[in-house]
$ cat model_30.txt   # compact mmCIF, C-alpha atoms
# COMPACT_ATOMS: atom_id res chain seq x y z
CA MET A 164 22.11 -14.65 14.83
CA ALA A 165 18.33 -14.08 14.92
CA ARG A 166 16.70 -11.67 17.33
CA ARG A 167 13.26 -12.05 18.85
CA ILE A 168 10.66 -9.80 20.41
CA ASP A 169 7.14 -10.18 21.79
CA TYR A 170 4.41 -7.56 21.62
CA SER A 171 1.04 -7.77 23.35
CA ALA A 172 -1.92 -5.65 22.30
CA ARG A 173 -4.50 -5.56 25.09
CA TYR A 174 -8.12 -4.78 24.30
CA GLN A 175 -11.13 -4.04 26.46
CA HIS A 176 -13.16 -6.03 23.96
CA SER A 177 -13.86 -9.76 23.94
CA PRO A 178 -11.87 -12.18 21.81
CA GLU A 179 -15.05 -12.68 19.74
CA GLN A 180 -15.24 -8.95 18.97
CA VAL A 181 -11.58 -8.73 17.98
CA TYR A 182 -11.84 -11.85 15.82
CA GLU A 183 -14.98 -10.49 14.21
CA ALA A 184 -13.02 -7.36 13.29
CA LEU A 185 -10.31 -9.54 11.73
CA THR A 186 -12.98 -11.18 9.54
CA ASP A 187 -14.34 -7.82 8.32
CA ARG A 188 -12.87 -6.36 5.11
CA GLY A 189 -13.96 -2.90 6.31
CA TYR A 190 -11.63 -3.26 9.30
CA TRP A 191 -8.64 -4.09 7.07
CA ASP A 192 -9.47 -1.19 4.74
CA ALA A 193 -9.56 1.17 7.76
CA ARG A 194 -6.26 -0.19 9.02
CA VAL A 195 -4.59 0.18 5.62
CA GLU A 196 -5.95 3.72 5.30
CA GLU A 197 -4.37 4.69 8.64
CA MET A 198 -1.06 3.11 7.65
CA ARG A 199 -1.02 5.14 4.42
CA LYS A 200 0.09 8.05 6.58
CA HIS A 201 3.45 6.26 6.79
CA SER A 202 3.80 4.40 3.49
CA GLU A 203 1.94 3.08 0.47
CA ASN A 204 -0.25 0.18 1.67
CA ARG A 205 -2.96 -2.05 0.29
CA VAL A 206 -4.69 -5.36 0.89
CA GLU A 207 -3.66 -7.74 -1.90
CA HIS A 208 -5.73 -10.72 -0.78
CA PHE A 209 -8.40 -11.26 1.89
CA GLU A 210 -10.30 -14.49 2.49
CA VAL A 211 -12.41 -15.76 5.36
CA SER A 212 -13.42 -19.42 5.35
CA ASP A 213 -14.12 -22.31 7.69
CA SER A 214 -10.31 -22.71 7.85
CA GLY A 215 -9.83 -19.20 9.26
CA ILE A 216 -8.53 -15.94 7.84
CA GLU A 217 -5.89 -15.49 5.13
CA LEU A 218 -4.60 -12.15 3.93
CA VAL A 219 -1.73 -10.54 2.11
CA LEU A 220 -0.74 -6.93 2.76
CA HIS A 221 1.58 -4.91 0.56
CA HIS A 222 3.73 -2.04 1.93
CA VAL A 223 6.13 0.24 0.05
CA LEU A 224 8.57 2.38 2.05
CA PRO A 225 10.54 4.92 0.00
CA ARG A 226 14.28 4.30 0.22
CA THR A 227 14.79 7.93 1.24
CA ASP A 228 12.65 7.33 4.36
CA LEU A 229 14.82 4.41 5.52
CA PRO A 230 17.50 4.90 8.18
CA ASP A 231 21.04 5.39 6.83
CA ILE A 232 22.14 1.88 7.80
CA ALA A 233 19.23 0.37 5.85
CA GLN A 234 19.97 2.57 2.83
CA THR A 235 23.46 1.04 2.65
CA VAL A 236 21.83 -2.34 1.98
CA MET A 237 18.68 -1.38 0.06
CA ARG A 238 19.28 0.29 -3.32
CA ASN A 239 15.58 0.79 -4.12
CA ASP A 240 12.34 1.42 -2.25
CA LEU A 241 11.62 -1.21 0.38
CA ILE A 242 8.75 -3.40 -0.83
CA ILE A 243 7.31 -5.61 1.89
CA THR A 244 4.74 -8.34 1.36
CA ARG A 245 3.18 -9.46 4.63
CA THR A 246 1.19 -12.68 4.68
CA GLU A 247 -1.00 -13.41 7.72
CA SER A 248 -3.18 -16.36 8.61
CA TYR A 249 -5.43 -16.96 11.61
CA SER A 250 -7.09 -20.18 12.75
CA PRO A 251 -10.87 -20.44 13.06
CA PHE A 252 -12.33 -18.86 16.20
CA GLY A 253 -11.98 -20.92 19.37
CA ASP A 254 -10.83 -20.58 22.97
CA THR A 255 -7.47 -19.47 21.60
CA VAL A 256 -6.94 -18.22 18.06
CA THR A 257 -3.48 -18.83 16.65
CA GLY A 258 -1.85 -17.34 13.61
CA THR A 259 1.36 -16.82 11.73
CA TYR A 260 2.85 -14.07 9.66
CA GLU A 261 5.76 -13.65 7.32
CA ALA A 262 7.14 -10.44 5.87
CA SER A 263 9.19 -10.83 2.72
CA ILE A 264 11.33 -8.35 0.83
CA PRO A 265 12.38 -9.25 -2.72
CA ALA A 266 16.18 -9.56 -2.76
CA GLY A 267 16.12 -8.65 0.92
CA PRO A 268 19.01 -9.67 3.12
CA GLY A 269 16.95 -11.48 5.73
CA SER A 270 13.57 -12.58 7.01
CA LEU A 271 10.86 -11.54 9.44
CA THR A 272 8.42 -14.16 10.75
CA GLY A 273 6.15 -14.57 13.70
CA THR A 274 3.26 -16.18 15.48
CA MET A 275 0.11 -14.64 16.90
CA GLU A 276 -2.19 -15.72 19.69
CA LEU A 277 -5.56 -14.15 20.56
CA PHE A 278 -6.93 -15.12 23.97
CA GLY A 279 -9.37 -13.88 26.57
CA THR A 280 -8.39 -12.07 29.75
CA GLU A 281 -10.31 -10.83 32.78
CA THR A 282 -10.64 -7.37 31.23
CA GLY A 283 -11.09 -8.32 27.56
CA CYS A 284 -8.45 -10.00 25.47
CA THR A 285 -4.84 -9.92 24.32
CA LEU A 286 -3.33 -10.40 20.89
CA ARG A 287 0.27 -11.49 21.49
CA THR A 288 2.71 -11.45 18.59
CA SER A 289 6.10 -13.16 18.81
CA SER A 290 8.51 -12.10 16.06
CA GLU A 291 11.90 -13.19 14.83
CA ALA A 292 14.19 -11.13 12.58
CA LYS A 293 17.19 -12.60 10.75
CA VAL A 294 19.61 -10.58 8.63
CA HIS A 295 22.44 -12.38 6.87
CA ILE A 296 24.96 -9.55 6.47
CA PRO A 297 28.24 -9.61 8.37
CA PHE A 298 28.94 -6.72 10.76
CA VAL A 299 25.61 -4.87 10.32
CA GLY A 300 23.15 -7.79 10.52
CA GLY A 301 22.56 -7.46 14.25
CA ARG A 302 21.94 -3.72 14.02
CA LEU A 303 19.50 -4.22 11.16
CA GLU A 304 17.65 -6.93 13.11
CA GLU A 305 17.29 -4.56 16.08
CA LEU A 306 16.10 -1.80 13.75
CA MET A 307 13.54 -4.12 12.15
CA LEU A 308 12.15 -5.24 15.51
CA THR A 309 12.01 -1.70 16.92
CA ASN A 310 10.08 -0.50 13.87
CA LEU A 311 7.89 -3.58 14.05
CA VAL A 312 6.83 -2.74 17.61
CA ASP A 313 5.91 0.77 16.44
CA LEU A 314 3.87 -0.77 13.62
CA PHE A 315 2.09 -3.20 15.95
CA ARG A 316 1.35 -0.37 18.39
CA THR A 317 -0.23 1.70 15.61
CA GLU A 318 -2.22 -1.28 14.34
CA ALA A 319 -3.47 -2.00 17.87
CA GLN A 320 -4.64 1.60 18.23
CA VAL A 321 -6.48 1.38 14.91
CA THR A 322 -8.11 -1.85 16.09
CA ALA A 323 -9.20 -0.34 19.43
CA THR A 324 -10.58 2.76 17.70
CA TRP A 325 -12.40 0.69 15.10
CA LEU A 326 -13.95 -1.56 17.76
CA ALA A 327 -14.97 1.40 19.94
CA ALA A 328 -16.86 2.90 17.00
CA ARG A 329 -18.96 -0.27 16.59
$ encode --input "model_30.txt" --output "structure tokens"
Amino acid sequence: MARRIDYSARYQHSPEQVYEALTDRGYWDARVEEMRKHSENRVEHFEVSDSGIELVLHHVLPRTDLPDIAQTVMRNDLIITRTESYSPFGDTVTGTYEASIPAGPGSLTGTMELFGTETGCTLRTSSEAKVHIPFVGGRLEELMLTNLVDLFRTEAQVTATWLAAR
């Protein structure tokens, strides 16, 4: 059974400013650099066009850094490819993401929505984790979503810091 979670990053900046950051390769490089404190990371693909924003991020988590339950399933380092896309800027920006793990036992997908608020804007991410392993699947889904919230929280802090420096 799939598990879901929502995470909202709230910014004191306008939706235009946050979207502008998302269109800036320097922002993504800064974000990847911060995330290198936790794992190997890099931007594989980055494109901004009239259709919106497309990017592919690559993460490598050493197997030895994974929780014991995850090590029982993963025999090698955890290699995650995260694909994100955002619509062109408008009243509400929508997006999707997918995280894939070669030979992984499940999936992680989600949607994103950037919208204005009275005090700035919010980037809401709705995620769904599915693990197809009897007995431990539910625990792995919970673990994935808990770690995902930590990741989103760190990424939101990087975004706020990056915007404040502009």
$ closest_residue --input "model_30.txt" --among "A:Ala323, A:Arg173, A:Gly267, A:Phe252" --to "A:Arg238" --atoms "only C-alpha atoms"
A:Gly267
$ closest_residue --input "model_30.txt" --among "A:Val219, A:Ile243, A:Leu277, A:Leu326" --to "A:Gly189" --atoms "only C-alpha atoms"
A:Leu326
$ atom_distance --input "model_30.txt" --atom1 "atom CA of A:Glu291" --atom2 "atom CA of A:Trp325"
28.0 Å
$ atom_distance --input "model_30.txt" --atom1 "atom CA of A:Ala184" --atom2 "atom CA of A:Pro225"
29.7 Å
$ residues_around --input "model_30.txt" --residues "A:Leu220" --least-positions-apart "5" --cutoff "10 Å" --atoms "only C-alpha atoms" --output "PDB file with C-alpha atoms, keeping the file's coordinate frame"
ATOM      1  CA  TRP A 191      -8.640  -4.090   7.070  1.00  0.00           C
ATOM      2  CA  VAL A 195      -4.590   0.180   5.620  1.00  0.00           C
ATOM      3  CA  ASN A 204      -0.250   0.180   1.670  1.00  0.00           C
ATOM      4  CA  ARG A 205      -2.960  -2.050   0.290  1.00  0.00           C
ATOM      5  CA  VAL A 206      -4.690  -5.360   0.890  1.00  0.00           C
ATOM      6  CA  GLU A 207      -3.660  -7.740  -1.900  1.00  0.00           C
ATOM      7  CA  HIS A 208      -5.730 -10.720  -0.780  1.00  0.00           C
ATOM      8  CA  PHE A 209      -8.400 -11.260   1.890  1.00  0.00           C
ATOM      9  CA  ILE A 243       7.310  -5.610   1.890  1.00  0.00           C
ATOM     10  CA  THR A 244       4.740  -8.340   1.360  1.00  0.00           C
ATOM     11  CA  ARG A 245       3.180  -9.460   4.630  1.00  0.00           C
ATOM     12  CA  THR A 246       1.190 -12.680   4.680  1.00  0.00           C
ATOM     13  CA  GLU A 247      -1.000 -13.410   7.720  1.00  0.00           C
ATOM     14  CA  ALA A 262       7.140 -10.440   5.870  1.00  0.00           C
TER      15      ALA A 262
END
$ atom_distance --input "model_30.txt" --atom1 "atom CA of A:Glu276" --atom2 "atom CA of A:Glu183"
14.9 Å
$ residues_around --input "model_30.txt" --residues "A:Glu304" --least-positions-apart "6" --cutoff "10 Å" --atoms "all atoms listed in the file" --output "MDAnalysis selection string"
chainID A and resid 164:167 269:271 291:295 310
$ closest_residue --input "model_30.txt" --among "A:Asp192, A:Met198, A:Thr309, A:Ser171" --to "A:Met275" --atoms "only C-alpha atoms"
A:Ser171
$ closest_residue --input "model_30.txt" --among "A:Leu229, A:Val223, A:Val256, A:Leu286" --to "A:Ile242" --atoms "all atoms listed in the file"
A:Val223
$ closest_residue --input "model_30.txt" --among "A:Arg329, A:Leu314, A:Ala172, A:Gly273" --to "A:His222" --atoms "only C-alpha atoms"
A:Leu314
$ closest_residue --input "model_30.txt" --among "A:Asp187, A:Val312, A:Tyr260, A:Ser248" --to "A:Ser214" --atoms "all atoms listed in the file"
A:Ser248
$ residues_near_point --input "model_30.txt" --point "(-9.4, -18.8, 8.5)" --cutoff "7 Å" --atoms "only C-alpha atoms" --output "list in words"
Val211, Ser212, Asp213, Ser214, Gly215, Ile216, Glu217, Ser248, Tyr249, Ser250 and Pro251 of chain A
